[in-house]
>>> print(open('structure_5.txt').read())   # compact mmCIF, C-alpha atoms
# COMPACT_ATOMS: atom_id res chain seq x y z
CA MET A 65 13.85 -10.10 16.09
CA GLY A 66 12.39 -6.62 16.48
CA VAL A 67 13.14 -3.96 13.86
CA ILE A 68 13.91 -0.41 15.02
CA LEU A 69 11.92 2.17 13.03
CA GLY A 70 12.88 5.58 14.36
CA SER A 71 11.57 5.66 17.93
CA LYS A 72 9.34 2.61 17.32
CA THR A 73 10.08 -1.12 17.48
CA LEU A 74 8.29 -3.53 15.17
CA PRO A 75 8.23 -6.99 16.85
CA LEU A 76 7.93 -9.01 13.61
CA PRO A 77 9.54 -8.08 10.26
CA VAL A 78 6.18 -8.18 8.49
CA LEU A 79 4.30 -5.24 7.00
CA GLN A 80 0.76 -5.43 5.62
CA GLY A 81 0.54 -3.24 2.56
CA GLY A 82 -2.09 -0.53 2.36
CA MET A 83 -4.92 -1.43 -0.03
CA GLY A 84 -7.54 1.09 -1.11
CA VAL A 85 -10.36 1.69 -1.51
CA GLY A 86 -11.68 0.12 1.68
CA ILE A 87 -9.68 -3.12 1.47
CA SER A 88 -7.37 -2.39 4.41
CA LEU A 89 -9.04 -0.32 7.09
CA ASP A 90 -9.19 -0.71 10.86
CA ARG A 91 -10.18 -4.39 11.09
CA LEU A 92 -7.33 -5.71 8.94
CA ALA A 93 -4.72 -3.26 10.18
CA GLY A 94 -5.65 -3.87 13.80
CA ALA A 95 -5.57 -7.64 13.37
CA VAL A 96 -2.10 -7.58 11.76
CA ALA A 97 -0.76 -5.28 14.47
CA ALA A 98 -2.26 -7.53 17.16
CA GLN A 99 -0.04 -10.32 15.83
CA GLY A 100 3.10 -8.17 16.11
CA GLY A 101 3.32 -6.91 12.53
CA MET A 102 2.61 -3.51 11.04
CA GLY A 103 -1.00 -3.16 9.97
CA THR A 104 -1.72 -0.42 7.44
CA ILE A 105 -4.88 1.58 6.78
CA SER A 106 -5.22 3.04 3.30
CA THR A 107 -6.38 6.66 3.48
CA ALA A 108 -7.66 6.58 -0.13
CA ALA A 109 -11.41 7.37 -0.03
CA CYS A 110 -11.50 5.67 3.37
CA GLY A 111 -14.82 7.34 4.22
CA PHE A 112 -16.77 6.03 1.23
CA LEU A 113 -19.17 4.17 3.52
CA GLU A 114 -20.04 7.32 5.47
CA PRO A 115 -23.65 8.44 4.85
CA ASP A 116 -22.60 11.91 3.64
CA TYR A 117 -19.68 10.81 1.44
CA SER A 118 -21.29 11.94 -1.83
CA GLU A 119 -21.96 15.47 -0.57
CA ASN A 120 -18.98 15.90 1.76
CA PHE A 121 -16.31 13.44 0.72
CA GLN A 122 -13.42 15.34 2.32
CA GLY A 123 -15.12 15.62 5.69
CA ALA A 124 -16.32 12.01 5.51
CA ASN A 125 -12.81 10.73 4.74
CA LEU A 126 -11.12 12.57 7.60
CA ARG A 127 -13.84 11.65 10.10
CA ALA A 128 -13.62 7.99 9.10
CA LEU A 129 -9.81 7.98 9.13
CA ASP A 130 -9.66 9.34 12.66
CA ARG A 131 -12.05 6.65 13.86
CA GLN A 132 -10.28 3.88 11.94
CA VAL A 133 -6.81 4.67 13.29
CA ARG A 134 -8.11 4.81 16.86
CA ARG A 135 -10.05 1.55 16.43
CA ALA A 136 -7.07 -0.24 14.86
CA ARG A 137 -4.90 0.79 17.80
CA GLU A 138 -7.51 -0.61 20.18
CA LEU A 139 -7.54 -3.90 18.27
CA ALA A 140 -3.73 -4.03 18.28
CA ARG A 141 -3.57 -3.86 22.09
CA GLY A 142 -0.03 -2.48 21.88
CA ALA A 143 1.38 -5.64 20.29
CA GLY A 144 2.52 -4.27 16.92
CA LEU A 145 2.30 -1.01 15.00
CA VAL A 146 -0.54 0.72 13.15
CA ALA A 147 0.40 2.71 10.05
CA VAL A 148 -1.43 4.60 7.35
CA ASN A 149 -0.65 4.56 3.65
CA ALA A 150 -1.15 8.10 2.33
CA MET A 151 -0.91 8.70 -1.41
CA VAL A 152 0.88 11.89 -2.41
CA ALA A 153 -1.44 12.10 -5.43
CA THR A 154 -4.56 12.63 -3.32
CA VAL A 155 -6.01 16.10 -2.80
CA GLN A 156 -6.32 15.35 0.93
CA TYR A 157 -2.75 14.13 1.34
CA ALA A 158 -1.61 16.62 3.98
CA ASP A 159 -4.94 16.60 5.83
CA SER A 160 -4.93 12.80 5.91
CA VAL A 161 -1.41 12.65 7.33
CA ARG A 162 -2.23 15.20 10.03
CA THR A 163 -5.48 13.44 10.92
CA ALA A 164 -3.77 10.05 11.20
CA LEU A 165 -1.00 11.44 13.40
CA ARG A 166 -3.45 13.18 15.72
CA ALA A 167 -5.30 9.86 16.05
CA GLY A 168 -2.08 8.15 17.11
CA ALA A 169 -0.77 6.38 14.00
CA ASP A 170 2.62 4.79 14.63
CA ALA A 171 3.84 5.30 11.07
CA VAL A 172 3.05 7.02 7.79
CA VAL A 173 3.97 5.19 4.59
CA SER A 174 3.72 7.37 1.50
CA GLY A 175 3.89 6.72 -2.24
CA ALA A 176 2.06 7.40 -5.53
CA GLY A 177 4.38 10.36 -5.95
CA LEU A 178 7.45 11.66 -4.13
CA PRO A 179 6.66 12.48 -0.47
CA LEU A 180 9.13 15.35 -0.32
CA GLN A 181 6.93 17.39 2.06
CA LEU A 182 6.09 14.56 4.47
CA PRO A 183 8.42 15.60 7.33
CA ALA A 184 7.09 19.17 7.21
CA ILE A 185 3.50 17.95 7.32
CA ALA A 186 4.25 15.59 10.22
CA ALA A 187 5.93 18.43 12.12
CA GLN A 188 2.59 20.27 12.12
CA VAL A 189 1.33 17.72 14.67
CA PRO A 190 3.40 18.51 17.79
CA GLY A 191 4.54 15.65 19.94
CA ASN A 192 3.95 12.84 17.46
CA THR A 193 6.69 10.21 17.25
CA ALA A 194 5.49 8.40 14.15
CA ALA A 195 7.97 6.74 11.83
CA LEU A 196 7.97 8.21 8.31
CA ALA A 197 8.64 6.07 5.25
CA PRO A 198 8.56 6.59 1.50
CA ILE A 199 7.58 3.91 -0.99
CA VAL A 200 10.15 3.66 -3.78
CA SER A 201 10.72 1.52 -6.85
CA GLY A 202 14.49 1.93 -7.04
CA GLY A 203 17.63 3.64 -5.82
CA LYS A 204 17.11 6.90 -7.71
CA ALA A 205 13.90 7.75 -5.83
CA ALA A 206 15.38 6.60 -2.49
CA ALA A 207 18.41 8.87 -2.98
CA LEU A 208 16.34 11.88 -4.08
CA ILE A 209 13.89 11.65 -1.16
CA SER A 210 16.67 11.14 1.39
CA ARG A 211 18.69 14.03 -0.04
CA VAL A 212 15.73 16.42 0.12
CA TRP A 213 14.72 15.32 3.64
CA ASP A 214 18.31 15.69 4.82
CA ARG A 215 18.77 19.16 3.31
CA ARG A 216 15.38 20.62 4.22
CA TYR A 217 14.50 18.89 7.47
CA GLN A 218 17.76 17.44 8.83
CA ARG A 219 16.31 13.95 8.92
CA VAL A 220 16.09 10.84 6.76
CA PRO A 221 13.43 8.14 6.39
CA ASP A 222 12.87 5.92 9.40
CA PHE A 223 12.40 3.04 6.96
CA VAL A 224 11.77 2.51 3.25
CA VAL A 225 9.33 0.24 1.42
CA LEU A 226 10.68 -1.02 -1.90
CA GLU A 227 7.81 -2.12 -4.14
CA GLY A 228 8.96 -4.23 -7.08
CA PRO A 229 7.18 -4.59 -10.43
CA LEU A 230 5.04 -7.57 -9.32
CA ALA A 231 3.10 -5.52 -6.75
CA GLY A 232 -0.61 -4.86 -7.02
CA GLY A 233 -2.30 -1.56 -7.68
CA HIS A 234 -0.35 1.44 -8.92
CA LEU A 235 3.24 0.71 -9.93
CA GLY A 236 6.24 3.02 -9.88
CA PHE A 237 7.54 1.64 -13.17
CA SER A 238 7.07 2.53 -16.80
CA PRO A 239 4.23 0.81 -18.70
CA GLU A 240 6.85 -1.15 -20.65
CA GLU A 241 8.56 -2.35 -17.46
CA ALA A 242 5.19 -3.29 -15.97
CA ARG A 243 4.21 -5.27 -19.07
CA GLU A 244 7.58 -7.03 -19.11
CA ALA A 245 7.04 -8.03 -15.48
CA GLN A 246 3.54 -9.29 -16.27
CA ALA A 247 5.00 -11.35 -19.12
CA GLY A 248 7.30 -13.11 -16.65
CA ARG A 249 10.38 -10.90 -17.05
CA PRO A 250 10.29 -8.64 -13.99
CA ALA A 251 13.19 -6.48 -12.89
CA SER A 252 15.08 -8.36 -10.18
CA LEU A 253 13.87 -7.41 -6.71
CA SER A 254 17.28 -8.47 -5.37
CA ARG A 255 18.99 -6.03 -7.72
CA LEU A 256 16.57 -3.24 -6.79
CA LEU A 257 17.18 -3.97 -3.10
CA GLN A 258 20.93 -3.58 -3.49
CA GLU A 259 20.39 -0.41 -5.52
CA VAL A 260 18.24 1.10 -2.77
CA ARG A 261 20.62 0.05 0.01
CA GLU A 262 23.53 1.61 -1.85
CA ALA A 263 21.55 4.82 -2.35
CA LEU A 264 20.80 4.96 1.39
CA ALA A 265 24.37 4.17 2.51
CA PRO A 266 25.62 7.80 2.69
CA PHE A 267 22.63 8.75 4.82
CA ARG A 268 23.06 5.74 7.12
CA ASP A 269 26.66 6.85 7.65
CA LYS A 270 25.79 10.52 8.21
CA TYR A 271 23.05 9.82 10.76
CA GLY A 272 24.79 6.85 12.37
CA ARG A 273 21.82 4.52 12.19
CA ASP A 274 20.23 1.97 9.92
CA ILE A 275 17.46 2.81 7.46
CA PRO A 276 15.57 -0.51 7.22
CA VAL A 277 14.30 -1.51 3.79
CA PHE A 278 11.24 -3.75 3.45
CA VAL A 279 10.75 -5.49 0.10
CA ALA A 280 7.34 -5.88 -1.52
CA GLY A 281 5.81 -7.04 -4.77
CA GLY A 282 6.04 -10.73 -5.59
CA VAL A 283 7.31 -11.77 -2.13
CA GLU A 284 5.26 -14.93 -1.89
CA ASN A 285 6.08 -16.42 1.51
CA GLY A 286 8.32 -16.47 4.55
CA GLY A 287 10.99 -18.35 2.65
CA ASP A 288 11.21 -15.50 0.14
CA MET A 289 11.35 -13.04 3.02
CA ALA A 290 14.26 -14.94 4.57
CA ARG A 291 16.17 -14.85 1.28
CA TYR A 292 15.75 -11.10 0.89
CA MET A 293 16.71 -10.57 4.52
CA ARG A 294 19.96 -12.42 3.85
CA GLU A 295 20.49 -9.89 1.06
CA GLY A 296 20.04 -6.98 3.44
CA ALA A 297 16.28 -6.38 3.71
CA ALA A 298 14.81 -5.78 7.16
CA GLY A 299 11.67 -7.74 6.29
CA ALA A 300 8.87 -7.86 3.75
CA GLN A 301 5.52 -6.33 2.97
CA PHE A 302 2.60 -8.55 2.01
CA ALA A 303 -0.76 -7.34 0.75
CA THR A 304 -2.84 -9.52 -1.58
CA ARG A 305 -2.57 -12.61 0.63
CA PHE A 306 -4.30 -10.74 3.46
CA ILE A 307 -7.42 -10.17 1.33
CA ALA A 308 -8.51 -13.76 1.81
CA THR A 309 -8.84 -13.35 5.57
CA ARG A 310 -11.95 -12.97 7.67
CA GLU A 311 -10.61 -9.72 9.12
CA CYS A 312 -10.02 -8.04 5.76
CA ASP A 313 -12.27 -4.99 5.36
CA ALA A 314 -13.20 -5.80 1.74
CA GLY A 315 -16.73 -6.83 0.89
CA GLU A 316 -17.34 -10.59 0.80
CA ASP A 317 -18.04 -10.57 -2.95
CA PHE A 318 -14.72 -8.80 -3.55
CA LYS A 319 -12.95 -11.53 -1.58
CA ARG A 320 -14.77 -14.24 -3.53
CA ILE A 321 -13.79 -12.71 -6.88
CA LEU A 322 -10.12 -12.55 -5.93
CA LEU A 323 -10.17 -16.07 -4.47
CA ASN A 324 -11.50 -17.36 -7.81
CA ALA A 325 -8.90 -15.44 -9.85
CA ARG A 326 -6.05 -17.15 -11.64
CA GLU A 327 -2.74 -15.88 -12.98
CA LYS A 328 -4.16 -15.61 -16.51
CA ASP A 329 -6.83 -13.17 -15.26
CA VAL A 330 -4.28 -10.53 -14.23
CA THR A 331 -3.30 -7.68 -16.54
CA ILE A 332 -1.56 -4.30 -16.60
CA VAL A 333 -3.93 -1.34 -16.82
CA LYS A 334 -3.44 2.37 -17.35
CA SER A 335 -4.81 4.30 -14.40
CA PRO A 336 -6.57 7.64 -14.87
CA VAL A 337 -3.77 9.13 -12.73
CA GLY A 338 -1.30 8.26 -15.48
CA MET A 339 0.45 5.33 -13.82
CA PRO A 340 0.38 1.67 -14.81
CA GLY A 341 -1.33 -0.69 -12.39
CA ARG A 342 -1.94 -4.40 -11.91
CA ALA A 343 -5.54 -5.59 -11.74
CA LEU A 344 -7.88 -8.35 -12.83
CA ARG A 345 -9.11 -8.11 -16.41
CA SER A 346 -12.74 -7.19 -15.83
CA PRO A 347 -15.51 -5.90 -18.13
CA LEU A 348 -14.53 -2.35 -17.15
CA ILE A 349 -10.99 -2.88 -18.45
CA ASP A 350 -12.33 -4.43 -21.67
CA ARG A 351 -14.59 -1.41 -22.25
CA VAL A 352 -11.80 1.06 -21.55
CA GLU A 353 -9.48 -0.67 -24.01
CA ALA A 354 -12.24 -0.86 -26.62
CA GLY A 355 -13.06 2.84 -26.14
CA THR A 356 -16.68 2.13 -25.20
CA GLN A 357 -16.55 3.01 -21.49
CA PRO A 358 -18.70 6.12 -20.74
CA ARG A 359 -16.83 9.10 -19.29
CA PRO A 360 -17.41 9.92 -15.60
CA ALA A 361 -20.66 11.80 -14.99
CA ARG A 362 -19.35 13.58 -11.87
CA CYS A 363 -16.09 14.20 -10.05
CA VAL A 364 -15.38 14.80 -6.36
CA ASN A 365 -11.81 15.97 -7.13
CA CYS A 366 -10.01 13.32 -5.08
CA LEU A 367 -6.76 12.99 -7.08
CA THR A 368 -4.50 15.83 -8.20
CA PRO A 369 -3.10 14.25 -11.43
CA CYS A 370 -6.45 12.92 -12.67
CA LYS A 371 -7.98 14.47 -15.79
CA LYS A 372 -11.32 14.56 -13.99
CA LEU A 373 -14.31 14.29 -16.33
CA GLU A 374 -11.98 13.72 -19.29
CA SER A 375 -10.67 10.48 -17.76
CA PRO A 376 -11.79 7.19 -19.32
CA TYR A 377 -13.39 6.28 -15.97
CA CYS A 378 -13.47 7.44 -12.34
CA ILE A 379 -10.93 5.30 -10.53
CA SER A 380 -12.38 6.04 -7.08
CA GLN A 381 -15.86 4.95 -8.14
CA ALA A 382 -14.45 1.88 -9.90
CA LEU A 383 -12.63 0.84 -6.72
CA ILE A 384 -15.75 1.45 -4.64
CA ASP A 385 -17.73 -0.68 -7.10
CA ALA A 386 -15.10 -3.40 -6.73
CA TRP A 387 -15.41 -3.30 -2.94
CA HIS A 388 -19.12 -4.03 -3.41
CA GLY A 389 -18.27 -6.95 -5.71
CA ASP A 390 -19.61 -5.29 -8.89
CA TRP A 391 -17.73 -7.34 -11.46
CA ASN A 392 -19.12 -5.39 -14.39
CA ASN A 393 -18.04 -1.95 -13.19
CA GLY A 394 -15.30 -2.53 -10.64
CA LEU A 395 -11.52 -2.15 -10.81
CA PHE A 396 -10.00 -5.09 -8.94
CA PHE A 397 -6.41 -4.27 -8.03
CA CYS A 398 -4.29 -7.28 -7.05
CA GLY A 399 -0.72 -8.55 -6.88
CA ALA A 400 0.88 -10.91 -9.38
CA ASN A 401 0.47 -13.88 -7.00
CA VAL A 402 -3.30 -13.53 -6.59
CA GLY A 403 -3.84 -16.91 -8.28
CA ARG A 404 -2.10 -18.65 -5.41
CA MET A 405 -4.81 -17.75 -2.91
CA ASP A 406 -7.01 -20.81 -2.58
CA ARG A 407 -8.97 -20.51 0.67
CA MET A 408 -10.22 -18.15 3.33
CA SER A 409 -8.13 -17.96 6.48
CA THR A 410 -7.42 -15.56 9.33
CA VAL A 411 -4.72 -12.96 9.87
CA GLU A 412 -3.31 -15.07 12.69
CA GLU A 413 -2.97 -18.05 10.35
CA GLN A 414 -1.31 -15.93 7.65
CA ILE A 415 1.22 -14.38 10.04
CA HIS A 416 1.96 -17.74 11.65
CA GLN A 417 2.61 -19.30 8.24
CA ILE A 418 4.92 -16.47 7.13
CA ILE A 419 6.95 -16.56 10.35
CA THR A 420 7.14 -20.37 10.40
CA GLU A 421 8.42 -20.42 6.82
CA TRP A 422 10.85 -17.60 7.58
CA ARG A 423 12.31 -19.39 10.60
CA ALA A 424 12.60 -22.67 8.71
CA ALA A 425 14.52 -20.93 5.92
CA GLN A 426 17.08 -19.29 8.18
>>> encode(input="structure_5.txt", output="structure tokens")
Amino acid sequence: MGVILGSKTLPLPVLQGGMGVGISLDRLAGAVAAQGGMGTISTAACGFLEPDYSENFQGANLRALDRQVRRARELARGAGLVAVNAMVATVQYADSVRTALRAGADAVVSGAGLPLQLPAIAAQVPGNTAALAPIVSGGKAAALISRVWDRRYQRVPDFVVLEGPLAGGHLGFSPEEAREAQAGRPASLSRLLQEVREALAPFRDKYGRDIPVFVAGGVENGGDMARYMREGAAGAQFATRFIATRECDAGEDFKRILLNAREKDVTIVKSPVGMPGRALRSPLIDRVEAGTQPRPARCVNCLTPCKKLESPYCISQALIDAWHGDWNNGLFFCGANVGRMDRMSTVEEQIHQIITEWRAAQ
């Protein structure tokens, strides 16, 4: 059953997607890993609860990340793997990767841009054996990343996460493709999976090993996971369903808001970083679309592509407000299936349900 990821073995074919800001930190990641899956800490503004975050956000983030990775590994007790999700678009991208690796992260999953430099950054932490994985939305990105890694670093990804157009948060699709998906006409995840596998085939042959692909975005249950695995996937990544767990690091009001959400409440938004994203339609989104949202009053310079004080709103602050359950000012990222969450549970219950459904569907 285990999946080989470079020098690591993942006991169960289940990844927990990284959710920022503060939604997946050490408690959630450690709990998922303790069940044999891959738990993932989001590095995005992960130190926002530190007392000096406002004055020293970079130091606060790295200090918190180091502690969170170490704590998640303690919670995992060696059962599964602990990963970090590091966004290429963040100013602290390289520092976050190095910090996570020094703290003992088993894997680095990287998206929100092309992680072309990831192997070089990881090599700056001697002795680490972490698996490195890009997040892609199709075969073109998978081929480009693999080609660059092969040519520059004589290596290829240890695994790949394919996020389809029904995923939550930032999407690697055009606004038109994202809106089509939201309208019930998403690009086929099965087709994208075959596209990615075909793009990786030359590199599998050259290096004489598999490059596992995990599908994400709209994968509802273990039965879906089994179907995609029959089509060549190594497993699946789940994210939104883990929010309604006691171990999730989100604030309780955030969890309540998402538990009460329905499919009709979900919309496609334009992020200040220039990418489309999937979130709940909240008062913030209404104000942004109406042109009445005040511009940010300050900027801590957390994202490289952001237009800073010219942006319609500060996405980091909006996500922090959401964590606190501030419905009026928060940005509530979520997956397309958020309306199917109907009760609080535990990570153990969620993993057990996924695996039971997966085995029944085989």
>>> closest_residue(input="structure_5.txt", among="A:Gly403, A:Gly142, A:Pro183, A:Pro75", to="A:Asp329", atoms="all atoms listed in the file")
A:Gly403
>>> closest_residue(input="structure_5.txt", among="A:Ser88, A:Ala194, A:Cys378, A:Pro276", to="A:Glu311", atoms="all atoms listed in the file")
A:Ser88
>>> closest_residue(input="structure_5.txt", among="A:Arg359, A:His388, A:Ser409, A:Phe306", to="A:Phe318", atoms="all atoms listed in the file")
A:His388
>>> closest_residue(input="structure_5.txt", among="A:Thr154, A:Ser252, A:Gln181, A:Thr309", to="A:Arg91", atoms="only C-alpha atoms")
A:Thr309
>>> residues_around(input="structure_5.txt", residues="A:Ser210", least_positions_apart="3", cutoff="8 Å", atoms="all atoms listed in the file", output="ChimeraX atom specification")
/A:206-207,213-214,220-221,264,267
>>> atom_distance(input="structure_5.txt", atom1="atom CA of A:Leu383", atom2="atom CA of A:Gly101")
26.2 Å
>>> residues_near_point(input="structure_5.txt", point="(-12.0, 11.3, 8.9)", cutoff="12 Å", atoms="only C-alpha atoms", output="VMD selection string")
chain A and resid 107 to 114 116 to 117 120 to 134 156 159 to 167
>>> atom_distance(input="structure_5.txt", atom1="atom CA of A:Ala150", atom2="atom CA of A:Arg255")
26.6 Å
>>> closest_residue(input="structure_5.txt", among="A:Ser380, A:Ser118, A:Gln99, A:Ser106", to="A:Tyr157", atoms="all atoms listed in the file")
A:Ser106
>>> build_atoms(input="structure_5.txt", residues="stretch 227-246 of chain A", atoms="N, CA and C atoms", output="PDB file, in the coordinates of the input")
ATOM      1  N   GLU A 227       8.832  -1.345  -3.437  1.00  0.00           N
ATOM      2  CA  GLU A 227       7.810  -2.120  -4.140  1.00  0.00           C
ATOM      3  C   GLU A 227       8.317  -2.468  -5.534  1.00  0.00           C
ATOM      4  N   GLY A 228       8.503  -3.759  -5.783  1.00  0.00           N
ATOM      5  CA  GLY A 228       8.960  -4.230  -7.080  1.00  0.00           C
ATOM      6  C   GLY A 228       7.834  -4.266  -8.103  1.00  0.00           C
ATOM      7  N   PRO A 229       8.150  -4.663  -9.333  1.00  0.00           N
ATOM      8  CA  PRO A 229       7.180  -4.590 -10.430  1.00  0.00           C
ATOM      9  C   PRO A 229       6.093  -5.650 -10.398  1.00  0.00           C
ATOM     10  N   LEU A 230       6.092  -6.565  -9.423  1.00  0.00           N
ATOM     11  CA  LEU A 230       5.040  -7.570  -9.320  1.00  0.00           C
ATOM     12  C   LEU A 230       3.991  -7.199  -8.272  1.00  0.00           C
ATOM     13  N   ALA A 231       4.070  -5.976  -7.746  1.00  0.00           N
ATOM     14  CA  ALA A 231       3.100  -5.520  -6.750  1.00  0.00           C
ATOM     15  C   ALA A 231       1.740  -5.300  -7.387  1.00  0.00           C
ATOM     16  N   GLY A 232       0.727  -5.170  -6.541  1.00  0.00           N
ATOM     17  CA  GLY A 232      -0.610  -4.860  -7.020  1.00  0.00           C
ATOM     18  C   GLY A 232      -0.874  -3.378  -6.999  1.00  0.00           C
ATOM     19  N   GLY A 233      -1.941  -2.966  -7.662  1.00  0.00           N
ATOM     20  CA  GLY A 233      -2.300  -1.560  -7.680  1.00  0.00           C
ATOM     21  C   GLY A 233      -1.337  -0.738  -8.509  1.00  0.00           C
ATOM     22  N   HIS A 234      -1.209   0.547  -8.158  1.00  0.00           N
ATOM     23  CA  HIS A 234      -0.350   1.440  -8.920  1.00  0.00           C
ATOM     24  C   HIS A 234       1.119   1.029  -8.786  1.00  0.00           C
ATOM     25  N   LEU A 235       1.845   1.131  -9.879  1.00  0.00           N
ATOM     26  CA  LEU A 235       3.240   0.710  -9.930  1.00  0.00           C
ATOM     27  C   LEU A 235       4.138   1.894 -10.270  1.00  0.00           C
ATOM     28  N   GLY A 236       5.291   1.942  -9.619  1.00  0.00           N
ATOM     29  CA  GLY A 236       6.240   3.020  -9.880  1.00  0.00           C
ATOM     30  C   GLY A 236       7.211   2.677 -10.987  1.00  0.00           C
ATOM     31  N   PHE A 237       6.718   2.040 -12.027  1.00  0.00           N
ATOM     32  CA  PHE A 237       7.540   1.640 -13.170  1.00  0.00           C
ATOM     33  C   PHE A 237       6.883   2.132 -14.449  1.00  0.00           C
ATOM     34  N   SER A 238       7.637   2.129 -15.531  1.00  0.00           N
ATOM     35  CA  SER A 238       7.070   2.530 -16.800  1.00  0.00           C
ATOM     36  C   SER A 238       6.081   1.468 -17.279  1.00  0.00           C
ATOM     37  N   PRO A 239       5.151   1.826 -18.169  1.00  0.00           N
ATOM     38  CA  PRO A 239       4.230   0.810 -18.700  1.00  0.00           C
ATOM     39  C   PRO A 239       4.967  -0.356 -19.344  1.00  0.00           C
ATOM     40  N   GLU A 240       6.077  -0.076 -20.008  1.00  0.00           N
ATOM     41  CA  GLU A 240       6.850  -1.150 -20.650  1.00  0.00           C
ATOM     42  C   GLU A 240       7.445  -2.087 -19.602  1.00  0.00           C
ATOM     43  N   GLU A 241       7.999  -1.519 -18.525  1.00  0.00           N
ATOM     44  CA  GLU A 241       8.560  -2.350 -17.460  1.00  0.00           C
ATOM     45  C   GLU A 241       7.472  -3.174 -16.777  1.00  0.00           C
ATOM     46  N   ALA A 242       6.298  -2.569 -16.592  1.00  0.00           N
ATOM     47  CA  ALA A 242       5.190  -3.290 -15.970  1.00  0.00           C
ATOM     48  C   ALA A 242       4.730  -4.439 -16.845  1.00  0.00           C
ATOM     49  N   ARG A 243       4.638  -4.196 -18.161  1.00  0.00           N
ATOM     50  CA  ARG A 243       4.210  -5.270 -19.070  1.00  0.00           C
ATOM     51  C   ARG A 243       5.256  -6.377 -19.148  1.00  0.00           C
ATOM     52  N   GLU A 244       6.529  -6.013 -19.121  1.00  0.00           N
ATOM     53  CA  GLU A 244       7.580  -7.030 -19.110  1.00  0.00           C
ATOM     54  C   GLU A 244       7.467  -7.897 -17.861  1.00  0.00           C
ATOM     55  N   ALA A 245       7.195  -7.273 -16.729  1.00  0.00           N
ATOM     56  CA  ALA A 245       7.040  -8.030 -15.480  1.00  0.00           C
ATOM     57  C   ALA A 245       5.843  -8.969 -15.581  1.00  0.00           C
ATOM     58  N   GLN A 246       4.738  -8.472 -16.148  1.00  0.00           N
ATOM     59  CA  GLN A 246       3.540  -9.290 -16.270  1.00  0.00           C
ATOM     60  C   GLN A 246       3.774 -10.464 -17.214  1.00  0.00           C
TER      61      GLN A 246
END
